[in-house]
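See below for target-v6.txt, which holds compact mmCIF, C-alpha atoms.
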```txt
# COMPACT_ATOMS: atom_id res chain seq x y z
CA MET A 708 10.90 0.83 -13.69
CA SER A 709 12.38 -1.34 -16.39
CA GLU A 710 10.54 -4.48 -15.23
CA SER A 711 7.18 -5.23 -13.71
CA PRO A 712 7.39 -5.72 -9.91
CA PRO A 713 7.51 -9.18 -8.34
CA ILE A 714 3.78 -9.91 -8.33
CA ASP A 715 4.03 -12.93 -6.00
CA LEU A 716 5.70 -10.72 -3.39
CA LEU A 717 3.02 -8.08 -3.85
CA SER A 718 0.33 -10.71 -3.34
CA ASP A 719 2.15 -12.03 -0.29
CA LEU A 720 2.39 -8.60 1.30
CA LEU A 721 -1.18 -7.53 0.59
CA GLY A 722 -2.53 -10.87 1.77
CA ALA A 723 -0.37 -10.97 4.88
CA TYR A 724 -1.57 -7.58 6.09
CA GLN A 725 -5.21 -8.37 5.18
CA LEU A 726 -5.87 -5.08 3.46
CA SER A 727 -9.54 -4.44 2.76
CA ALA A 728 -10.95 -1.80 0.42
CA LYS A 729 -14.44 -0.35 0.74
CA VAL A 730 -16.36 2.17 -1.31
CA PHE A 731 -17.68 4.83 1.07
CA ALA A 732 -19.21 7.31 -1.38
CA GLN A 733 -20.34 7.69 -4.98
CA PRO A 734 -20.89 11.44 -5.17
CA LEU A 735 -22.68 13.06 -8.10
CA VAL A 736 -21.60 16.69 -7.98
CA CYS A 737 -22.29 19.83 -9.92
CA GLY A 738 -21.64 23.55 -9.80
CA GLY A 739 -18.79 24.86 -7.69
CA TRP A 740 -18.23 21.65 -5.77
CA ARG A 741 -15.24 20.46 -3.80
CA ILE A 742 -14.38 17.52 -1.56
CA ASP A 743 -11.97 18.43 1.23
CA THR A 744 -10.36 15.58 3.22
CA ASN A 745 -8.94 17.79 5.97
CA GLY A 746 -8.83 15.74 9.19
CA VAL A 747 -9.39 12.39 7.45
CA ALA A 748 -6.02 10.62 7.69
CA THR A 749 -6.86 7.30 6.06
CA THR A 750 -5.68 5.60 2.90
CA GLN A 751 -8.16 6.75 0.26
CA PHE A 752 -8.67 6.35 -3.47
CA HIS A 753 -10.85 8.33 -5.89
CA LEU A 754 -11.87 7.21 -9.37
CA LEU A 755 -13.29 9.90 -11.65
CA VAL A 756 -16.20 8.19 -13.36
CA ARG A 757 -17.56 11.11 -15.37
CA GLY A 758 -16.69 14.75 -15.98
CA THR A 759 -13.49 16.53 -15.00
CA CYS A 760 -11.98 17.80 -11.77
CA PHE A 761 -8.78 19.06 -10.16
CA LEU A 762 -6.64 17.52 -7.44
CA GLN A 763 -4.81 19.72 -4.95
CA MET A 764 -2.21 18.44 -2.48
CA ALA A 765 0.53 20.12 -0.48
CA HIS A 766 3.31 18.59 -2.60
CA LEU A 767 1.76 19.66 -5.92
CA PRO A 768 2.88 23.07 -7.25
CA ARG A 769 -0.56 23.63 -8.81
CA PRO A 770 -3.94 21.84 -8.99
CA LEU A 771 -3.70 18.77 -11.20
CA PRO A 772 -6.43 18.23 -13.81
CA MET A 773 -8.09 14.81 -13.90
CA ARG A 774 -10.09 13.19 -16.69
CA PRO A 775 -12.66 10.34 -16.76
CA GLY A 776 -11.06 7.04 -15.81
CA ASP A 777 -8.19 8.69 -13.93
CA LEU A 778 -7.53 7.39 -10.42
CA VAL A 779 -5.69 8.87 -7.46
CA MET A 780 -4.69 6.82 -4.42
CA VAL A 781 -3.46 8.62 -1.28
CA PRO A 782 -1.51 5.90 0.60
CA ASN A 783 -0.77 7.72 3.85
CA GLY A 784 -3.89 9.82 4.18
CA ASP A 785 -2.26 13.13 3.18
CA TRP A 786 -4.62 16.09 2.96
CA HIS A 787 -6.12 16.53 -0.49
CA ILE A 788 -8.94 18.36 -2.23
CA LEU A 789 -10.92 17.37 -5.31
CA SER A 790 -12.76 20.29 -6.89
CA ALA A 791 -14.68 21.48 -9.91
CA ASP A 792 -12.00 23.92 -11.05
CA PRO A 793 -8.53 25.04 -9.96
CA LEU A 794 -9.85 28.11 -8.16
CA ALA A 795 -12.26 25.96 -6.16
CA ALA A 796 -9.32 24.01 -4.81
CA ALA A 797 -8.21 26.95 -2.69
CA ASP A 798 -11.07 29.44 -2.70
CA ALA A 799 -13.75 29.38 -0.01
CA HIS A 800 -16.26 30.53 -2.64
CA PRO A 801 -15.53 28.37 -5.69
CA ALA A 802 -16.68 29.30 -9.15
CA SER A 803 -19.29 27.35 -11.06
CA GLY A 804 -17.98 24.08 -12.49
CA ALA A 805 -19.17 21.13 -14.55
CA ASN A 806 -21.05 18.05 -13.41
CA ALA A 807 -18.96 15.07 -12.33
CA ALA A 808 -19.35 11.61 -10.83
CA LEU A 809 -16.78 9.95 -8.59
CA LEU A 810 -16.26 6.71 -6.76
CA CYS A 811 -14.47 7.21 -3.45
CA GLY A 812 -13.09 4.45 -1.28
CA ALA A 813 -10.92 3.81 1.75
CA LEU A 814 -8.45 1.09 2.59
CA SER A 815 -8.36 -0.58 5.99
CA VAL A 816 -4.66 -1.07 6.78
CA PRO A 817 -3.15 -2.30 10.07
CA GLU A 818 -0.47 0.08 11.34
CA ALA A 819 2.26 -2.48 10.71
CA GLY A 820 1.04 -2.87 7.14
CA ARG A 821 0.93 0.87 6.58
CA LYS A 822 4.53 1.15 7.75
CA ALA A 823 5.75 -1.75 5.62
CA LEU A 824 3.80 -1.01 2.45
CA PHE A 825 2.95 2.66 2.32
CA SER A 826 5.24 4.77 4.50
CA LEU A 827 7.84 5.15 1.74
CA LEU A 828 5.41 5.70 -1.12
CA PRO A 829 4.79 9.16 -2.65
CA PRO A 830 1.92 11.24 -1.19
CA ALA A 831 -0.26 10.27 -4.17
CA LEU A 832 -0.26 7.48 -6.75
CA ILE A 833 -1.98 8.65 -9.93
CA VAL A 834 -2.96 6.32 -12.75
CA ARG A 835 -4.03 8.09 -15.92
CA ALA A 836 -6.65 6.40 -18.08
CA SER A 837 -4.63 7.48 -21.13
CA GLU A 838 -1.50 5.69 -19.84
CA ALA A 839 -2.92 2.59 -18.14
CA ASN A 840 -2.58 -0.84 -19.71
CA GLU A 841 -5.60 -2.63 -21.14
CA ARG A 842 -6.24 -4.80 -18.07
CA PHE A 843 -6.34 -1.78 -15.78
CA SER A 844 -8.60 0.06 -18.23
CA HIS A 845 -10.90 -2.94 -18.45
CA LEU A 846 -11.18 -3.08 -14.66
CA VAL A 847 -12.02 0.62 -14.51
CA ARG A 848 -14.72 0.17 -17.16
CA LEU A 849 -16.17 -2.74 -15.18
CA ILE A 850 -16.24 -0.64 -11.99
CA VAL A 851 -17.83 2.30 -13.80
CA ASP A 852 -20.48 0.06 -15.37
CA GLU A 853 -21.27 -1.52 -12.00
CA ALA A 854 -21.45 1.88 -10.30
CA ASN A 855 -23.79 3.19 -12.99
CA ALA A 856 -26.00 0.10 -12.90
CA ALA A 857 -26.64 0.37 -9.14
CA GLU A 858 -28.27 -3.06 -9.12
CA ALA A 859 -28.77 -5.46 -6.21
CA GLY A 860 -25.42 -6.44 -4.71
CA SER A 861 -23.56 -3.54 -6.34
CA ARG A 862 -21.98 -2.30 -3.13
CA LEU A 863 -20.51 -5.72 -2.36
CA LEU A 864 -19.24 -6.09 -5.92
CA LEU A 865 -17.73 -2.60 -5.88
CA ASP A 866 -15.91 -3.36 -2.63
CA GLY A 867 -14.47 -6.54 -4.14
CA LEU A 868 -13.48 -4.78 -7.37
CA SER A 869 -11.91 -1.99 -5.32
CA ASN A 870 -9.55 -4.50 -3.69
CA VAL A 871 -8.44 -5.50 -7.18
CA LEU A 872 -8.15 -1.84 -8.15
CA VAL A 873 -5.83 -1.08 -5.23
CA THR A 874 -3.59 -4.03 -6.11
CA MET A 875 -3.40 -2.98 -9.74
CA THR A 876 -2.74 0.63 -8.77
CA LEU A 877 0.29 -0.44 -6.75
CA ARG A 878 1.43 -2.62 -9.63
CA GLU A 879 1.08 0.27 -12.08
CA HIS A 880 3.06 2.51 -9.76
CA PHE A 881 5.99 0.12 -9.49
CA ARG A 882 5.87 -0.55 -13.23
CA HIS A 883 6.21 3.11 -14.21
CA ALA A 884 7.93 4.91 -11.34
CA PRO A 885 11.56 5.91 -12.01
CA VAL A 886 13.96 3.59 -10.22
CA THR A 887 15.64 6.54 -8.49
CA GLU A 888 12.31 7.61 -6.95
CA THR A 889 11.02 4.19 -5.92
CA ARG A 890 11.33 2.89 -2.39
CA GLY A 891 9.68 0.20 -0.32
CA VAL A 892 9.89 -3.58 -0.04
CA LEU A 893 8.85 -4.13 -3.66
CA ALA A 894 11.54 -1.74 -4.85
CA ALA A 895 14.10 -3.55 -2.68
CA ALA A 896 13.05 -6.85 -4.27
CA HIS A 897 14.07 -5.36 -7.64
CA ASP A 898 17.35 -3.97 -6.37
CA LYS A 899 20.38 -5.83 -7.76
CA ARG A 900 22.06 -5.78 -4.36
CA LEU A 901 19.07 -6.71 -2.21
CA GLY A 902 16.73 -8.70 -4.47
CA ALA A 903 17.98 -12.19 -3.60
CA LEU A 904 18.01 -11.37 0.12
CA ILE A 905 14.48 -9.95 0.16
CA SER A 906 13.16 -13.06 -1.60
CA ALA A 907 14.96 -15.35 0.85
CA LEU A 908 13.65 -13.44 3.88
CA HIS A 909 10.09 -13.86 2.64
CA ARG A 910 10.56 -17.54 1.89
CA GLU A 911 12.17 -18.34 5.25
CA PRO A 912 11.44 -15.70 7.91
CA GLY A 913 11.93 -18.31 10.65
CA ARG A 914 15.47 -19.12 9.59
CA ALA A 915 18.20 -18.26 12.11
CA TRP A 916 19.15 -15.09 10.28
CA SER A 917 22.22 -13.06 11.13
CA VAL A 918 23.84 -10.15 9.37
CA GLU A 919 26.58 -12.52 8.25
CA SER A 920 24.13 -14.94 6.62
CA MET A 921 22.39 -12.00 4.94
CA LEU A 922 25.68 -10.80 3.46
CA GLU A 923 26.03 -14.16 1.72
CA LEU A 924 22.97 -13.19 -0.36
CA ALA A 925 23.70 -9.47 -0.69
CA PRO A 926 27.07 -8.83 -2.40
CA VAL A 927 27.87 -5.64 -0.48
CA SER A 928 29.71 -4.59 2.64
CA ARG A 929 28.06 -4.71 6.04
CA SER A 930 27.69 -0.91 6.17
CA ALA A 931 26.36 -0.78 2.61
CA LEU A 932 23.76 -3.45 3.44
CA MET A 933 22.52 -1.48 6.45
CA GLU A 934 22.40 1.79 4.56
CA ARG A 935 20.76 0.45 1.39
CA PHE A 936 18.24 -1.68 3.27
CA ARG A 937 17.11 1.21 5.46
CA GLN A 938 17.02 3.55 2.47
CA LEU A 939 14.69 1.29 0.50
CA VAL A 940 12.74 -0.58 3.18
CA GLY A 941 12.74 1.99 5.98
CA ASP A 942 13.97 -0.52 8.57
CA SER A 943 17.07 -2.51 9.48
CA PRO A 944 17.43 -6.01 7.99
CA MET A 945 16.85 -7.69 11.36
CA GLY A 946 13.96 -5.35 12.11
CA TYR A 947 12.31 -6.41 8.86
CA VAL A 948 12.87 -10.09 9.68
CA MET A 949 11.02 -9.55 12.96
CA GLN A 950 8.09 -7.98 11.08
CA LEU A 951 7.90 -10.97 8.76
CA ARG A 952 8.02 -13.39 11.70
CA MET A 953 5.22 -11.64 13.53
CA ILE A 954 3.04 -11.49 10.41
CA ARG A 955 3.57 -15.21 9.86
CA ALA A 956 2.90 -15.89 13.54
CA GLN A 957 -0.45 -14.10 13.37
CA GLN A 958 -1.44 -16.17 10.35
CA LEU A 959 -0.47 -19.42 12.09
CA LEU A 960 -2.26 -18.49 15.30
CA ALA A 961 -5.44 -17.96 13.28
CA ASP A 962 -5.13 -21.38 11.65
CA PRO A 963 -7.07 -24.01 13.67
CA ALA A 964 -4.95 -26.76 12.12
CA VAL A 965 -1.77 -25.42 13.77
CA ALA A 966 -1.11 -26.04 17.47
CA ARG A 967 -0.54 -22.74 19.25
CA THR A 968 2.41 -24.19 21.14
CA ALA A 969 4.14 -24.94 17.83
CA VAL A 970 3.96 -21.38 16.49
CA PRO A 971 7.03 -19.87 18.24
CA GLY A 972 9.30 -22.56 16.80
CA LEU A 973 7.77 -22.24 13.33
CA VAL A 974 8.69 -18.56 13.17
CA GLY A 975 12.19 -18.92 14.56
CA TYR A 976 11.75 -18.66 18.35
CA ARG A 977 12.84 -21.24 20.89
CA ASN A 978 12.04 -18.87 23.74
CA GLU A 979 8.22 -18.70 24.02
CA ALA A 980 8.30 -15.80 26.50
CA ALA A 981 10.33 -13.66 24.08
CA PHE A 982 7.96 -14.65 21.29
CA ARG A 983 4.91 -13.56 23.31
CA ARG A 984 6.50 -10.21 24.16
CA ALA A 985 7.46 -9.58 20.55
CA LEU A 986 4.00 -10.53 19.30
CA ARG A 987 2.32 -8.26 21.84
CA ARG A 988 4.51 -5.30 20.92
CA PHE A 989 3.93 -5.95 17.22
CA ALA A 990 0.15 -6.06 17.69
CA ASP A 991 0.36 -2.76 19.59
CA GLY A 992 2.32 -1.16 16.78
CA SER A 993 5.56 -1.05 18.78
CA ASP A 994 9.00 -2.17 17.66
CA ALA A 995 9.07 -5.96 18.00
CA THR A 996 12.88 -5.92 17.98
CA ALA A 997 13.03 -3.86 21.16
CA VAL A 998 12.55 -7.00 23.22
CA ASP A 999 14.73 -10.05 23.74
CA ASP A 1000 14.53 -11.68 20.32
CA ARG A 1001 17.04 -14.44 20.80
CA CYS A 1002 16.02 -17.55 18.90
```
Before anything else, please render the file you have as structure tokens.
Amino acid sequence: MSESPPIDLLSDLLGAYQLSAKVFAQPLVCGGWRIDTNGVATTQFHLLVRGTCFLQMAHLPRPLPMRPGDLVMVPNGDWHILSADPLAAADAHPASGANAALLCGALSVPEAGRKALFSLLPPALIVRASEANERFSHLVRLIVDEANAAEAGSRLLLDGLSNVLVTMTLREHFRHAPVTETRGVLAAAHDKRLGALISALHREPGRAWSVESMLELAPVSRSALMERFRQLVGDSPMGYVMQLRMIRAQQLLADPAVARTAVPGLVGYRNEAAFRRALRRFADGSDATAVDDRC
């Protein structure tokens, strides 16, 4: 993309959904090794610390070579294989390969967060060490040094650094991905037609939004707004407003300084029963707009 993504919005989204990264393995491998994630449908990331390997995924025409410092993040848990050589990616009896060290982690993502943040992303986000900016490269070096040191507290530090790594990986993706191939809320925030509206929705989710008031911020026709919003965000404008309201409601309900009875009004509801139904459906992963959402 021609500009870096709106970092405040990225922070808001990641913080709102309370994403949490954890390192689950630091494999040291040799010979004809391979790591097959068949049946593991979670958001994962793999940093190649030392050596070389190949990545195979269904959408790749051929195994992709990876070098030290390269990172792959699989947002929606698509099947993937990391292996010593390209033949090992598909062969049940892989050939002998070189030694390698990896750092593998997983991301805990609520279903609502996965839908909002990841459902429209490519199957894999790949950050090459040779193409990353200096801050990303510095973070990778810090993670590698900590992984190699294996000192007291390393696992906790690696988990914390992995959270930073995930954020920077998303930032790198939106910085370099072609505009025509980029979708999601962050892409919509950069869109000339939707940018002002997306920012306003995040600032004031509890406002009495209507399609008409949205059109005042998005200089397009009603049909174009619906089509473009769904194309980029994967939801209708009002559906996205409901998501934002429920996320804000969950944050307020967890804040001991906020009276629970005040929460419905703070997120745009005057009808507490409708608010409770919407919140329950949202927590269950259902469509919060399928209930009476009159404010």
Fill in: Contacts of Leu960 (chain A) within 12 Å, all atoms listed in the file, excl. fewer than 2 positions in-chain, as a list in words
Met953, Ile954, Arg955, Ala956, Gln957, Gln958, Asp962, Pro963, Ala964, Val965, Ala966, Arg967, Thr968, Ala969, Val970, Pro971, Leu973, Val974, Arg983 and Leu986 of chain A
Using 6 Å of padding on each side, determine the axis-aligned box around all atoms of region 929-935 of chain A present in the file and give its centre and edge lengths in Å to one decimal, as AutoDock Vina command-line options.
```
--center_x 24.4 --center_y -1.5 --center_z 3.9 --size_x 19.3 --size_y 18.5 --size_z 17.1
```
Response to the item:
Counting only C-alpha atoms, closest pick from A:Ser727, A:Gln938, A:Ser718, A:Asn806 relative to Ser869 (chain A) is A:Ser727
Fill in: For Asn783 (chain A), the nearest of the candidates A:Leu809, A:Cys737, A:Leu924, A:Leu832, counting only C-alpha atoms
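With only C-alpha atoms as the atom set, the closest residue is A:Leu832.
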Worksheet entry | Long-range neighbours of Glu853 (chain A) as a PyMOL selection string, 12 Å cut-off, all atoms listed in the file, 3 positions minimum in chain | chain A and resi 733+756+810+846-850+856-869
Worksheet item: Of the residues A:Val834, A:Ile905, A:Ile788, A:Ala915, which is the one nearest to Arg878 (chain A), using only C-alpha atoms?
Response: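 Residue with the minimum atom-to-atom distance to Arg878 (chain A): A:Val834.
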Discussion item. Neighbouring residues of Val781 (chain A) were defined as those with any atom within 8 Å, considering only C-alpha atoms; residues of the same chain fewer than 4 positions away were excluded. Please report them as a PyMOL selection string.
Written reply: chain A and resi 750-752+785+830-832
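With only C-alpha atoms as the atoms that count, the residue of A:Thr749, A:Ser837, A:Asn855, A:Gln950 with the shortest distance to His787 (chain A) is A:Thr749.
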Discussion item. As an exercise, work out the distance from CA of Gly758 (chain A) to CA of Pro775 (chain A) in Å and give it to one decimal place.
Written reply: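 These two atoms are separated by 6.0 Å.
The interatomic distance for the pair CA of Arg900 (chain A) and CA of Ala931 (chain A) works out to 9.6 Å.
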Worksheet item: Could you state the separation of CA of Leu904 (chain A) and CA of Ala980 (chain A) in Å, given to one decimal place?
Response: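 Here the two named atoms are 28.5 Å from each other.
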Discussion item. I need the residue nearest Ala728 (chain A) from this list: A:Val940, A:Leu901, A:Met933, A:Leu872. Use all atoms listed in the file for the distance.
Written reply: A:Leu872
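With only C-alpha atoms as the atoms that count, the residue of A:Lys822, A:Ala896, A:Leu939, A:Val948 with the shortest distance to Leu908 (chain A) is A:Val948.
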Discussion item. Give me the residues near region 789-794 of chain A as a list in words, where near means some atom within 6 Å (using only C-alpha atoms) and where sequence neighbours in that chain fewer than 6 positions away do not count.
Written reply: Gly739, Trp740, Arg741, Ile742, Cys760, Phe761, Leu762, Pro770 and Gly804 of chain A
Residue selection dump (C-alpha atoms) as a PDB file, keeping the file's coordinate frame:
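What ended up in selection.pdb:
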```pdb
ATOM      1  CA  GLY A 739     -18.790  24.860  -7.690  1.00  0.00           C
ATOM      2  CA  TRP A 740     -18.230  21.650  -5.770  1.00  0.00           C
ATOM      3  CA  ARG A 741     -15.240  20.460  -3.800  1.00  0.00           C
ATOM      4  CA  ILE A 742     -14.380  17.520  -1.560  1.00  0.00           C
ATOM      5  CA  CYS A 760     -11.980  17.800 -11.770  1.00  0.00           C
ATOM      6  CA  PHE A 761      -8.780  19.060 -10.160  1.00  0.00           C
ATOM      7  CA  LEU A 762      -6.640  17.520  -7.440  1.00  0.00           C
ATOM      8  CA  PRO A 770      -3.940  21.840  -8.990  1.00  0.00           C
ATOM      9  CA  GLY A 804     -17.980  24.080 -12.490  1.00  0.00           C
TER      10      GLY A 804
END
```
Discussion item. So that I can check the surroundings of Ala732 (chain A), please list as JSON, numbers by chain every protein, DNA and RNA residue that reaches within 10 Å of it, counting all atoms listed in the file and ignoring chain neighbours fewer than 2 positions away.
Written reply: {"A": [729, 730, 734, 735, 753, 809, 810, 811, 812, 813]}
